[in-house]
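A.B. asks: Okay, handing you the structure first.
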Amino acid sequence: MNLTDIFKMLTDDTRIRLLNILSENQLCVCEVQAVLDISQTNASKHLNKLKAAGLITDEKKSQWSYYYLNDSFWEKNQYLYQYLKEQWHTEDRYINDQKNLKEYISKNIDCTFILK
């Protein structure tokens, strides 16, 4: 992936929000949907783009795929990662997403419950 492609991935606020919460925890589509309050279609679309670009990866567990940051990509681009982390900790929208993630995790809810 070249530099232009990387920055194209970061031109969308939803994708930046996804990277923010995935930097904290592995999540499946329905959990992303719940934390960010976006549609499942929207969550899936952006997760697939980030995965195709190599910024995230996934692991299949039962019937769900859990997404997380692709460590090898972020190790190669550690300065970019540091910059994003700084922004995630200073901008209200990203701070709220992290807060929503912590609240979601504290409720110990899983996909089975969300889909009911």
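By order in the structure tokens, chains are A, B, ...; within a chain, residues start at 1; ligands start at 1, following the order shown.
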Per DSSP on the backbone, filter chain A down to the residues in strand (DSSP E or B) and report them as number ranges by chain.
C.D. replies: A: 27-28, 56-61, 64-69
A.B. asks: Quick one: everything within 10 Å of region 93-96 of chain A, counting only C-alpha atoms, minus sequence neighbours fewer than 3 positions away in the same chain. Send it as a PyMOL selection string.
C.D. replies: chain A and resi 13+16-18+20-21+35-36+85+87-90+99-102
A.B. asks: With only C-alpha atoms as the counted atoms, please give the residues lying no more than 12 Å from Leu19 (chain A), apart from itself and same-chain residues fewer than 3 positions off, as an NGL selection string.
C.D. replies: :A and (9-10 or 12-16 or 22-27 or 32 or 36 or 43 or 46-47 or 49-51 or 54-57 or 67-70 or 74 or 81 or 84-85 or 87-88 or 94 or 97-98)
A.B. asks: Between A:Val29, A:Tyr79, A:Asn2, A:Ile105, which one has atoms that come closest to Lys60 (chain A), using only C-alpha atoms?
C.D. replies: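 Smallest distance to Lys60 (chain A) is found for A:Val29.
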A.B. asks: Please return as a PyMOL selection string: the residues of region 53-94 of chain A that backbone DSSP assigns to alpha helix (DSSP H).
C.D. replies: chain A and resi 71-76+78-88+92-94
